[in-house]
file work38.cif (mmCIF, C-alpha atoms and all ligand atoms)
data_final
#
loop_
_atom_site.label_atom_id
_atom_site.label_comp_id
_atom_site.auth_asym_id
_atom_site.auth_seq_id
_atom_site.Cartn_x
_atom_site.Cartn_y
_atom_site.Cartn_z
CA MET A 220 0.00 0.00 0.00
CA SER A 221 1.39 3.34 -1.05
CA ALA A 222 1.79 6.08 1.54
CA MET A 223 -0.15 8.74 -0.29
CA GLN A 224 -3.94 8.68 -0.41
CA LEU A 225 -5.73 11.14 -2.67
CA VAL A 226 -9.44 11.94 -2.64
CA ASP A 227 -11.69 13.22 -5.40
CA THR A 228 -14.70 14.71 -3.61
CA HIS A 229 -16.70 15.44 -6.77
CA CYS A 230 -16.82 13.35 -9.93
CA HIS A 231 -19.44 11.91 -12.27
CA LEU A 232 -18.15 8.39 -12.78
CA ASP A 233 -21.06 7.37 -14.99
CA ARG A 234 -20.00 10.03 -17.51
CA ILE A 235 -16.24 9.61 -17.74
CA ASP A 236 -14.54 8.52 -20.95
CA LEU A 237 -13.52 4.87 -20.50
CA ALA A 238 -11.94 4.59 -23.98
CA PRO A 239 -8.37 4.44 -22.55
CA TRP A 240 -9.52 1.32 -20.60
CA GLY A 241 -11.38 -0.30 -23.47
CA GLY A 242 -14.70 0.83 -22.03
CA ASP A 243 -14.12 -1.30 -18.93
CA PHE A 244 -14.96 0.43 -15.65
CA SER A 245 -13.13 -2.19 -13.56
CA ALA A 246 -9.93 -1.54 -15.55
CA PHE A 247 -10.36 2.17 -14.86
CA MET A 248 -10.72 1.39 -11.14
CA GLN A 249 -7.47 -0.59 -11.19
CA ALA A 250 -5.73 2.45 -12.67
CA ALA A 251 -7.32 4.67 -10.01
CA ARG A 252 -6.05 2.39 -7.24
CA SER A 253 -2.53 2.37 -8.72
CA ALA A 254 -2.65 6.17 -8.83
CA ASP A 255 -3.21 6.40 -5.04
CA LEU A 256 -6.90 7.38 -5.32
CA ALA A 257 -8.21 6.27 -1.95
CA TRP A 258 -11.76 7.67 -2.07
CA MET A 259 -14.15 9.19 -4.58
CA LEU A 260 -17.53 10.82 -4.23
CA CYS A 261 -19.69 10.05 -7.27
CA VAL A 262 -22.19 12.89 -7.55
CA ALA A 263 -25.73 12.58 -8.90
CA ILE A 264 -27.26 15.11 -11.27
CA ASP A 265 -30.69 13.56 -11.82
CA LEU A 266 -32.84 10.71 -10.55
CA GLU A 267 -33.37 8.93 -13.90
CA SER A 268 -29.72 7.93 -14.21
CA TYR A 269 -29.32 7.31 -10.47
CA PRO A 270 -30.03 3.52 -10.38
CA ALA A 271 -27.50 2.84 -13.17
CA MET A 272 -24.90 5.02 -11.43
CA CYS A 273 -25.43 3.08 -8.16
CA ALA A 274 -25.07 -0.23 -9.96
CA LEU A 275 -21.85 0.90 -11.70
CA VAL A 276 -20.06 1.83 -8.47
CA ALA A 277 -21.62 -0.80 -6.17
CA PRO A 278 -18.63 -3.22 -6.23
CA TYR A 279 -16.17 -0.55 -5.02
CA PRO A 280 -16.10 0.33 -1.31
CA GLU A 281 -13.96 3.41 -1.95
CA ILE A 282 -16.73 5.08 -3.96
CA ALA A 283 -19.46 6.92 -2.08
CA LEU A 284 -22.56 8.50 -3.60
CA SER A 285 -24.67 11.60 -3.40
CA VAL A 286 -28.29 11.94 -4.46
CA GLY A 287 -29.86 15.03 -5.97
CA VAL A 288 -31.09 16.89 -9.02
CA HIS A 289 -28.77 19.43 -10.68
CA PRO A 290 -30.06 23.03 -10.79
CA ASN A 291 -30.02 22.98 -14.61
CA GLU A 292 -32.14 19.83 -14.98
CA GLU A 293 -35.28 20.89 -16.88
CA PRO A 294 -38.26 21.31 -14.54
CA GLU A 295 -40.44 19.22 -16.90
CA LEU A 296 -38.07 16.28 -16.42
CA SER A 297 -37.84 16.42 -12.66
CA PRO A 298 -40.43 15.45 -10.03
CA THR A 299 -42.57 18.01 -8.20
CA ALA A 300 -41.12 19.47 -5.01
CA GLU A 301 -43.18 17.18 -2.82
CA LYS A 302 -42.25 14.03 -4.73
CA LEU A 303 -38.59 15.10 -4.94
CA PHE A 304 -38.49 15.63 -1.18
CA GLU A 305 -39.83 12.09 -0.59
CA GLN A 306 -37.36 10.56 -3.04
CA LEU A 307 -34.39 12.41 -1.57
CA LEU A 308 -35.32 11.20 1.91
CA GLU A 309 -35.81 7.64 0.74
CA LEU A 310 -32.63 7.36 -1.37
CA GLY A 311 -30.63 9.52 1.03
CA ARG A 312 -31.11 7.06 3.89
CA ASP A 313 -28.76 4.56 2.20
CA ALA A 314 -25.47 4.39 4.15
CA ARG A 315 -23.46 4.76 0.93
CA VAL A 316 -25.12 8.11 0.24
CA VAL A 317 -22.91 10.55 2.12
CA ALA A 318 -24.29 13.85 0.75
CA ILE A 319 -27.27 15.56 -0.86
CA GLY A 320 -26.76 17.22 -4.24
CA GLU A 321 -25.53 18.50 -6.40
CA THR A 322 -27.93 21.33 -5.87
CA GLY A 323 -27.81 25.12 -5.82
CA LEU A 324 -28.44 27.90 -8.31
CA ASP A 325 -27.16 28.42 -11.85
CA TYR A 326 -28.03 31.70 -13.53
CA PHE A 327 -25.68 31.05 -16.44
CA ARG A 328 -27.87 28.45 -18.08
CA THR A 329 -31.20 29.29 -16.41
CA GLU A 330 -33.02 32.62 -16.08
CA ALA A 331 -31.92 34.37 -12.85
CA GLY A 332 -34.23 33.78 -9.91
CA ALA A 333 -36.40 31.15 -11.68
CA ALA A 334 -38.91 30.10 -9.01
CA TRP A 335 -38.59 26.37 -9.74
CA GLN A 336 -34.81 26.48 -9.32
CA VAL A 337 -35.00 28.23 -5.95
CA GLU A 338 -37.75 25.84 -4.80
CA ARG A 339 -35.73 22.79 -5.84
CA PHE A 340 -32.69 24.14 -3.99
CA ARG A 341 -34.77 24.65 -0.82
CA THR A 342 -36.16 21.11 -1.12
CA HIS A 343 -32.63 19.70 -1.11
CA ILE A 344 -31.66 21.78 1.93
CA GLU A 345 -34.71 20.56 3.85
CA ALA A 346 -33.92 16.92 2.96
CA ALA A 347 -30.27 17.33 3.98
CA ARG A 348 -31.33 18.84 7.32
CA GLN A 349 -33.68 15.95 8.02
CA LEU A 350 -31.12 13.34 7.00
CA GLN A 351 -28.28 15.18 8.75
CA LYS A 352 -26.10 14.77 5.67
CA PRO A 353 -24.03 17.55 4.07
CA LEU A 354 -25.03 19.46 0.92
CA ILE A 355 -23.03 19.65 -2.32
CA ILE A 356 -23.55 23.16 -3.68
CA HIS A 357 -23.26 24.20 -7.33
CA SER A 358 -23.39 27.97 -7.80
CA ARG A 359 -22.84 29.78 -11.08
CA GLU A 360 -23.36 33.52 -11.52
CA ALA A 361 -25.65 33.33 -8.51
CA ARG A 362 -23.44 33.81 -5.47
CA GLU A 363 -25.63 36.30 -3.61
CA ASP A 364 -28.84 34.28 -3.99
CA THR A 365 -27.04 30.99 -3.27
CA LEU A 366 -25.72 32.31 0.04
CA ARG A 367 -29.00 33.95 0.98
CA VAL A 368 -30.99 30.76 0.42
CA LEU A 369 -28.42 28.70 2.36
CA GLU A 370 -28.57 31.17 5.25
CA ASP A 371 -32.39 31.48 5.24
CA ALA A 372 -33.09 27.78 4.92
CA GLY A 373 -30.86 26.78 7.84
CA ALA A 374 -28.17 24.96 5.86
CA ARG A 375 -25.88 25.55 8.83
CA ASP A 376 -27.63 22.59 10.50
CA CYS A 377 -26.36 20.08 7.94
CA GLY A 378 -23.28 21.84 6.52
CA GLY A 379 -21.81 21.03 3.16
CA VAL A 380 -19.34 22.00 0.48
CA MET A 381 -19.15 24.78 -2.10
CA HIS A 382 -18.12 22.57 -5.02
CA CYS A 383 -15.81 23.78 -7.82
CA PHE A 384 -15.35 27.06 -6.02
CA VAL A 385 -14.53 29.98 -8.34
CA GLU A 386 -15.80 32.96 -6.33
CA ASP A 387 -14.11 35.70 -4.30
CA TRP A 388 -12.95 35.76 -0.68
CA ALA A 389 -16.10 37.53 0.58
CA THR A 390 -18.21 34.66 -0.78
CA ALA A 391 -15.87 32.05 0.68
CA LYS A 392 -16.02 33.82 4.05
CA ARG A 393 -19.83 33.72 4.17
CA ALA A 394 -19.82 30.02 3.28
CA LEU A 395 -17.15 29.33 5.92
CA ASP A 396 -19.27 31.21 8.46
CA LEU A 397 -22.09 28.75 7.72
CA GLY A 398 -19.69 25.91 8.54
CA PHE A 399 -19.20 24.97 4.88
CA TYR A 400 -16.09 23.55 3.23
CA ILE A 401 -14.54 24.99 0.06
CA SER A 402 -13.62 22.61 -2.75
CA PHE A 403 -11.19 23.49 -5.54
CA SER A 404 -11.19 21.88 -8.98
CA GLY A 405 -8.91 22.05 -12.01
CA VAL A 406 -9.93 25.69 -12.44
CA LEU A 407 -7.34 26.43 -9.73
CA THR A 408 -4.60 25.51 -12.22
CA TYR A 409 -5.83 27.79 -15.03
CA LYS A 410 -3.71 30.74 -16.06
CA SER A 411 -6.70 33.09 -15.69
CA ALA A 412 -7.36 32.03 -12.07
CA ALA A 413 -4.76 34.21 -10.28
CA GLU A 414 -7.40 35.74 -8.00
CA LEU A 415 -8.81 32.33 -7.12
CA ARG A 416 -5.33 31.12 -6.15
CA GLU A 417 -5.13 34.02 -3.67
CA VAL A 418 -8.46 32.90 -2.17
CA ALA A 419 -7.17 29.32 -1.89
CA LYS A 420 -4.28 30.57 0.24
CA GLN A 421 -6.68 32.05 2.78
CA ILE A 422 -9.09 29.15 3.37
CA PRO A 423 -8.56 27.57 6.81
CA ALA A 424 -6.56 24.35 6.38
CA ASP A 425 -9.31 22.26 7.97
CA ARG A 426 -11.96 23.41 5.44
CA LEU A 427 -10.18 22.69 2.16
CA LEU A 428 -11.26 20.00 -0.27
CA ILE A 429 -10.13 18.95 -3.77
CA GLU A 430 -12.09 17.52 -6.68
CA THR A 431 -12.02 17.01 -10.43
CA ASP A 432 -15.70 17.40 -11.45
CA SER A 433 -14.81 14.72 -14.05
CA PRO A 434 -15.47 14.54 -16.96
CA TYR A 435 -15.43 18.35 -17.03
CA LEU A 436 -12.74 20.98 -16.33
CA ALA A 437 -9.54 18.97 -16.68
CA PRO A 438 -6.65 20.67 -14.87
CA VAL A 439 -3.44 21.90 -16.49
CA PRO A 440 -1.49 20.06 -17.97
CA GLN A 441 -4.44 17.93 -19.15
CA ARG A 442 -6.68 20.92 -19.92
CA GLY A 443 -8.94 20.35 -22.91
CA LYS A 444 -8.99 16.56 -22.51
CA PRO A 445 -11.86 14.63 -20.90
CA ASN A 446 -11.23 14.84 -17.16
CA ILE A 447 -10.76 11.77 -14.96
CA PRO A 448 -10.39 11.42 -11.16
CA LEU A 449 -6.70 10.50 -11.56
CA TYR A 450 -6.06 14.12 -12.50
CA VAL A 451 -6.97 15.25 -8.98
CA ARG A 452 -3.24 14.92 -8.37
CA HIS A 453 -2.71 18.09 -10.46
CA VAL A 454 -5.21 20.00 -8.32
CA ALA A 455 -3.45 18.73 -5.18
CA GLU A 456 -0.07 19.79 -6.59
CA GLN A 457 -1.35 23.29 -7.30
CA LEU A 458 -2.84 23.58 -3.82
CA ALA A 459 0.39 22.26 -2.27
CA ALA A 460 2.41 24.92 -4.10
CA LEU A 461 0.06 27.67 -2.91
CA ARG A 462 0.03 26.54 0.71
CA GLY A 463 3.71 25.64 0.98
CA TRP A 464 2.84 22.02 1.82
CA THR A 465 4.22 18.83 0.34
CA LEU A 466 1.95 16.84 -1.95
CA GLU A 467 1.69 14.12 0.72
CA GLU A 468 0.67 16.63 3.36
CA THR A 469 -1.92 18.16 1.02
CA ALA A 470 -3.35 14.71 0.28
CA ALA A 471 -3.47 13.84 3.99
CA ARG A 472 -5.16 17.10 4.99
CA THR A 473 -7.80 16.96 2.27
CA LEU A 474 -8.48 13.29 3.03
CA ASP A 475 -8.95 14.17 6.71
CA ASN A 476 -11.29 17.02 5.83
CA ALA A 477 -13.34 14.84 3.49
CA ARG A 478 -13.63 12.18 6.22
CA ARG A 479 -14.85 14.75 8.73
CA LEU A 480 -17.46 16.22 6.38
CA PHE A 481 -18.72 13.04 4.70
CA LYS A 482 -18.24 10.74 7.72
CA PHE A 483 -16.61 7.77 6.04
ZN ZN A 501 -20.63 18.18 -10.85
#

call {"tool": "encode", "arguments": {"input": "work38.cif", "output": "structure tokens"}}
result
Amino acid sequence: MSAMQLVDTHCHLDRIDLAPWGGDFSAFMQAARSADLAWMLCVAIDLESYPAMCALVAPYPEIALSVGVHPNEEPELSPTAEKLFEQLLELGRDARVVAIGETGLDYFRTEAGAAWQVERFRTHIEAARQLQKPLIIHSREAREDTLRVLEDAGARDCGGVMHCFVEDWATAKRALDLGFYISFSGVLTYKSAAELREVAKQIPADRLLIETDSPYLAPVPQRGKPNIPLYVRHVAEQLAALRGWTLEETAARTLDNARRLFKF
């Protein structure tokens, strides 16, 4: 067993490109294990694909799941708030489900303040509070409303993570004040992300997480390719450089933080 243990706290394993492994998920998992990936959180974006995603990852104890409906999922395709609430509670009770989401607000692809999006977000927060499981928050061009809903709806009671964080320090601070963790993706390695790297230096060491958001947002030097959880190493390396930590120390700290938040 290798000394270093990396975590990828946000990936979509049912969407990654398995071509390098001949389309074989178990071959991919062997590669992940050889690359020191100790734990992955496979994040749901809708309920239709959820059973197949569960089945795919079921044989692997190092993969945990979340359940939720992405903020951009068309309202016609997703259940009513009442039905969604019931389904989140039912699926969320499973011990392998360690978080609720991804949920939140996205005003890039959906009209700002759309009532159904805010309602869906609130439904997830209520389910997470009842289940006492943390939230996975997606926020795009909606930072003020995202924070306000989290604050109003009592998200402090369940906590969670701001996934693929790309916002400023003031936003990070308000999320930290709610007890949330801040997760950095491959965006942290992008040339244009100088300001974000300054934010990453300021996050308390016990609230930092790393992720890939595979198959999206591959980090430098893999930028432009389909992303895979193995590339979380590049995110860890960038974070290590910013914090003045070794790669091993960065891996250990983020693993510890993930364990504390997701209770595995
Ligand atoms: Zn995602």

call {"tool": "residues_around", "arguments": {"input": "work38.cif", "residues": "A:Glu305", "least_positions_apart": "4", "cutoff": "12 Å", "atoms": "only C-alpha atoms", "output": "number ranges by chain"}}
result
A: 287, 298-301, 309-312, 342-343, 345-347, 349-350

call {"tool": "residues_near_ligand", "arguments": {"input": "work38.cif", "ligand": "ligand ZN 501 (chain A)", "cutoff": "7 Å", "atoms": "all atoms listed in the file", "output": "MDAnalysis selection string"}}
result
chainID A and resid 229:231 262 321 432

call {"tool": "closest_residue", "arguments": {"input": "work38.cif", "among": "A:Pro438, A:Glu386, A:Thr473, A:Glu430", "to": "A:Lys410", "atoms": "only C-alpha atoms"}}
result
A:Pro438

call {"tool": "closest_residue", "arguments": {"input": "work38.cif", "among": "A:Thr365, A:Gln421, A:Thr469, A:Ser404", "to": "A:Asn446", "atoms": "only C-alpha atoms"}}
result
A:Ser404

call {"tool": "residues_around", "arguments": {"input": "work38.cif", "residues": "stretch 253-260 of chain A", "least_positions_apart": "2", "cutoff": "6 Å", "atoms": "all atoms listed in the file", "output": "MDAnalysis selection string"}}
result
chainID A and resid 224:229 250:251 281:284

call {"tool": "atom_distance", "arguments": {"input": "work38.cif", "atom1": "atom CA of A:Tyr279", "atom2": "atom CA of A:Tyr450"}}
result
19.3 Å

call {"tool": "closest_residue", "arguments": {"input": "work38.cif", "among": "A:Tyr326, A:Leu275, A:Trp335, A:Ala263", "to": "A:Glu293", "atoms": "only C-alpha atoms"}}
result
A:Trp335

call {"tool": "closest_residue", "arguments": {"input": "work38.cif", "among": "A:Phe403, A:Trp240, A:Phe327, A:Tyr435", "to": "A:Ala455", "atoms": "all atoms listed in the file"}}
result
A:Phe403

call {"tool": "atom_distance", "arguments": {"input": "work38.cif", "atom1": "atom CA of A:Ser245", "atom2": "atom CA of A:Thr431"}}
result
19.5 Å

call {"tool": "atom_distance", "arguments": {"input": "work38.cif", "atom1": "atom CA of A:Val286", "atom2": "atom CA of A:Ile264"}}
result
7.6 Å

call {"tool": "decode", "arguments": {"input": "work38.cif", "residues": "stretch 435-457 of chain A", "atoms": "N, CA, C and O atoms", "output": "mmCIF file, in the first residue's frame"}}
result
data_model
loop_
_atom_site.group_PDB
_atom_site.id
_atom_site.type_symbol
_atom_site.label_atom_id
_atom_site.label_comp_id
_atom_site.auth_asym_id
_atom_site.auth_seq_id
_atom_site.Cartn_x
_atom_site.Cartn_y
_atom_site.Cartn_z
ATOM 1 N N TYR A 435 -15.572 16.955 -16.620
ATOM 2 C CA TYR A 435 -15.431 18.354 -17.030
ATOM 3 C C TYR A 435 -14.163 18.969 -16.420
ATOM 4 O O TYR A 435 -13.608 18.457 -15.454
ATOM 5 N N LEU A 436 -13.742 20.114 -16.962
ATOM 6 C CA LEU A 436 -12.744 20.981 -16.330
ATOM 7 C C LEU A 436 -11.413 20.313 -15.995
ATOM 8 O O LEU A 436 -10.896 20.463 -14.882
ATOM 9 N N ALA A 437 -10.844 19.609 -16.936
ATOM 10 C CA ALA A 437 -9.544 18.969 -16.682
ATOM 11 C C ALA A 437 -8.491 20.019 -16.317
ATOM 12 O O ALA A 437 -8.432 21.081 -16.928
ATOM 13 N N PRO A 438 -7.683 19.717 -15.301
ATOM 14 C CA PRO A 438 -6.654 20.672 -14.873
ATOM 15 C C PRO A 438 -5.484 20.738 -15.863
ATOM 16 O O PRO A 438 -5.265 19.796 -16.627
ATOM 17 N N VAL A 439 -4.739 21.817 -15.821
ATOM 18 C CA VAL A 439 -3.439 21.896 -16.492
ATOM 19 C C VAL A 439 -2.565 20.819 -15.844
ATOM 20 O O VAL A 439 -2.616 20.668 -14.609
ATOM 21 N N PRO A 440 -1.813 20.001 -16.534
ATOM 22 C CA PRO A 440 -1.491 20.056 -17.970
ATOM 23 C C PRO A 440 -2.401 19.196 -18.859
ATOM 24 O O PRO A 440 -2.023 18.936 -20.001
ATOM 25 N N GLN A 441 -3.538 18.783 -18.359
ATOM 26 C CA GLN A 441 -4.439 17.933 -19.155
ATOM 27 C C GLN A 441 -5.598 18.748 -19.714
ATOM 28 O O GLN A 441 -6.547 18.185 -20.265
ATOM 29 N N ARG A 442 -5.566 20.055 -19.544
ATOM 30 C CA ARG A 442 -6.677 20.922 -19.920
ATOM 31 C C ARG A 442 -7.101 20.671 -21.371
ATOM 32 O O ARG A 442 -6.236 20.576 -22.250
ATOM 33 N N GLY A 443 -8.425 20.580 -21.570
ATOM 34 C CA GLY A 443 -8.945 20.348 -22.914
ATOM 35 C C GLY A 443 -9.271 18.881 -23.177
ATOM 36 O O GLY A 443 -10.057 18.562 -24.046
ATOM 37 N N LYS A 444 -8.676 17.988 -22.380
ATOM 38 C CA LYS A 444 -8.993 16.556 -22.514
ATOM 39 C C LYS A 444 -10.198 16.231 -21.633
ATOM 40 O O LYS A 444 -10.543 17.008 -20.753
ATOM 41 N N PRO A 445 -10.821 15.054 -21.855
ATOM 42 C CA PRO A 445 -11.861 14.630 -20.904
ATOM 43 C C PRO A 445 -11.205 14.421 -19.536
ATOM 44 O O PRO A 445 -10.144 13.806 -19.450
ATOM 45 N N ASN A 446 -11.824 14.934 -18.500
ATOM 46 C CA ASN A 446 -11.232 14.841 -17.158
ATOM 47 C C ASN A 446 -11.522 13.478 -16.533
ATOM 48 O O ASN A 446 -12.569 12.887 -16.793
ATOM 49 N N ILE A 447 -10.587 13.015 -15.710
ATOM 50 C CA ILE A 447 -10.765 11.765 -14.960
ATOM 51 C C ILE A 447 -10.261 11.983 -13.525
ATOM 52 O O ILE A 447 -9.405 12.840 -13.291
ATOM 53 N N PRO A 448 -10.790 11.219 -12.562
ATOM 54 C CA PRO A 448 -10.394 11.418 -11.162
ATOM 55 C C PRO A 448 -8.885 11.335 -10.924
ATOM 56 O O PRO A 448 -8.376 11.964 -9.992
ATOM 57 N N LEU A 449 -8.162 10.592 -11.749
ATOM 58 C CA LEU A 449 -6.701 10.497 -11.558
ATOM 59 C C LEU A 449 -6.030 11.868 -11.627
ATOM 60 O O LEU A 449 -4.977 12.074 -11.041
ATOM 61 N N TYR A 450 -6.655 12.795 -12.349
ATOM 62 C CA TYR A 450 -6.057 14.125 -12.498
ATOM 63 C C TYR A 450 -6.222 14.995 -11.252
ATOM 64 O O TYR A 450 -5.734 16.123 -11.230
ATOM 65 N N VAL A 451 -6.855 14.482 -10.226
ATOM 66 C CA VAL A 451 -6.973 15.252 -8.981
ATOM 67 C C VAL A 451 -5.584 15.543 -8.414
ATOM 68 O O VAL A 451 -5.375 16.494 -7.670
ATOM 69 N N ARG A 452 -4.634 14.707 -8.795
ATOM 70 C CA ARG A 452 -3.243 14.924 -8.374
ATOM 71 C C ARG A 452 -2.749 16.321 -8.801
ATOM 72 O O ARG A 452 -2.028 16.974 -8.063
ATOM 73 N N HIS A 453 -3.150 16.769 -9.986
ATOM 74 C CA HIS A 453 -2.712 18.093 -10.456
ATOM 75 C C HIS A 453 -3.331 19.216 -9.625
ATOM 76 O O HIS A 453 -2.703 20.250 -9.399
ATOM 77 N N VAL A 454 -4.553 19.001 -9.195
ATOM 78 C CA VAL A 454 -5.209 19.996 -8.317
ATOM 79 C C VAL A 454 -4.477 20.014 -6.970
ATOM 80 O O VAL A 454 -4.180 21.084 -6.420
ATOM 81 N N ALA A 455 -4.169 18.830 -6.458
ATOM 82 C CA ALA A 455 -3.446 18.728 -5.184
ATOM 83 C C ALA A 455 -2.072 19.384 -5.278
ATOM 84 O O ALA A 455 -1.629 20.083 -4.358
ATOM 85 N N GLU A 456 -1.398 19.185 -6.409
ATOM 86 C CA GLU A 456 -0.068 19.785 -6.592
ATOM 87 C C GLU A 456 -0.148 21.318 -6.597
ATOM 88 O O GLU A 456 0.686 21.992 -5.994
ATOM 89 N N GLN A 457 -1.186 21.836 -7.261
ATOM 90 C CA GLN A 457 -1.354 23.288 -7.304
ATOM 91 C C GLN A 457 -1.628 23.835 -5.895
ATOM 92 O O GLN A 457 -1.052 24.837 -5.479
#
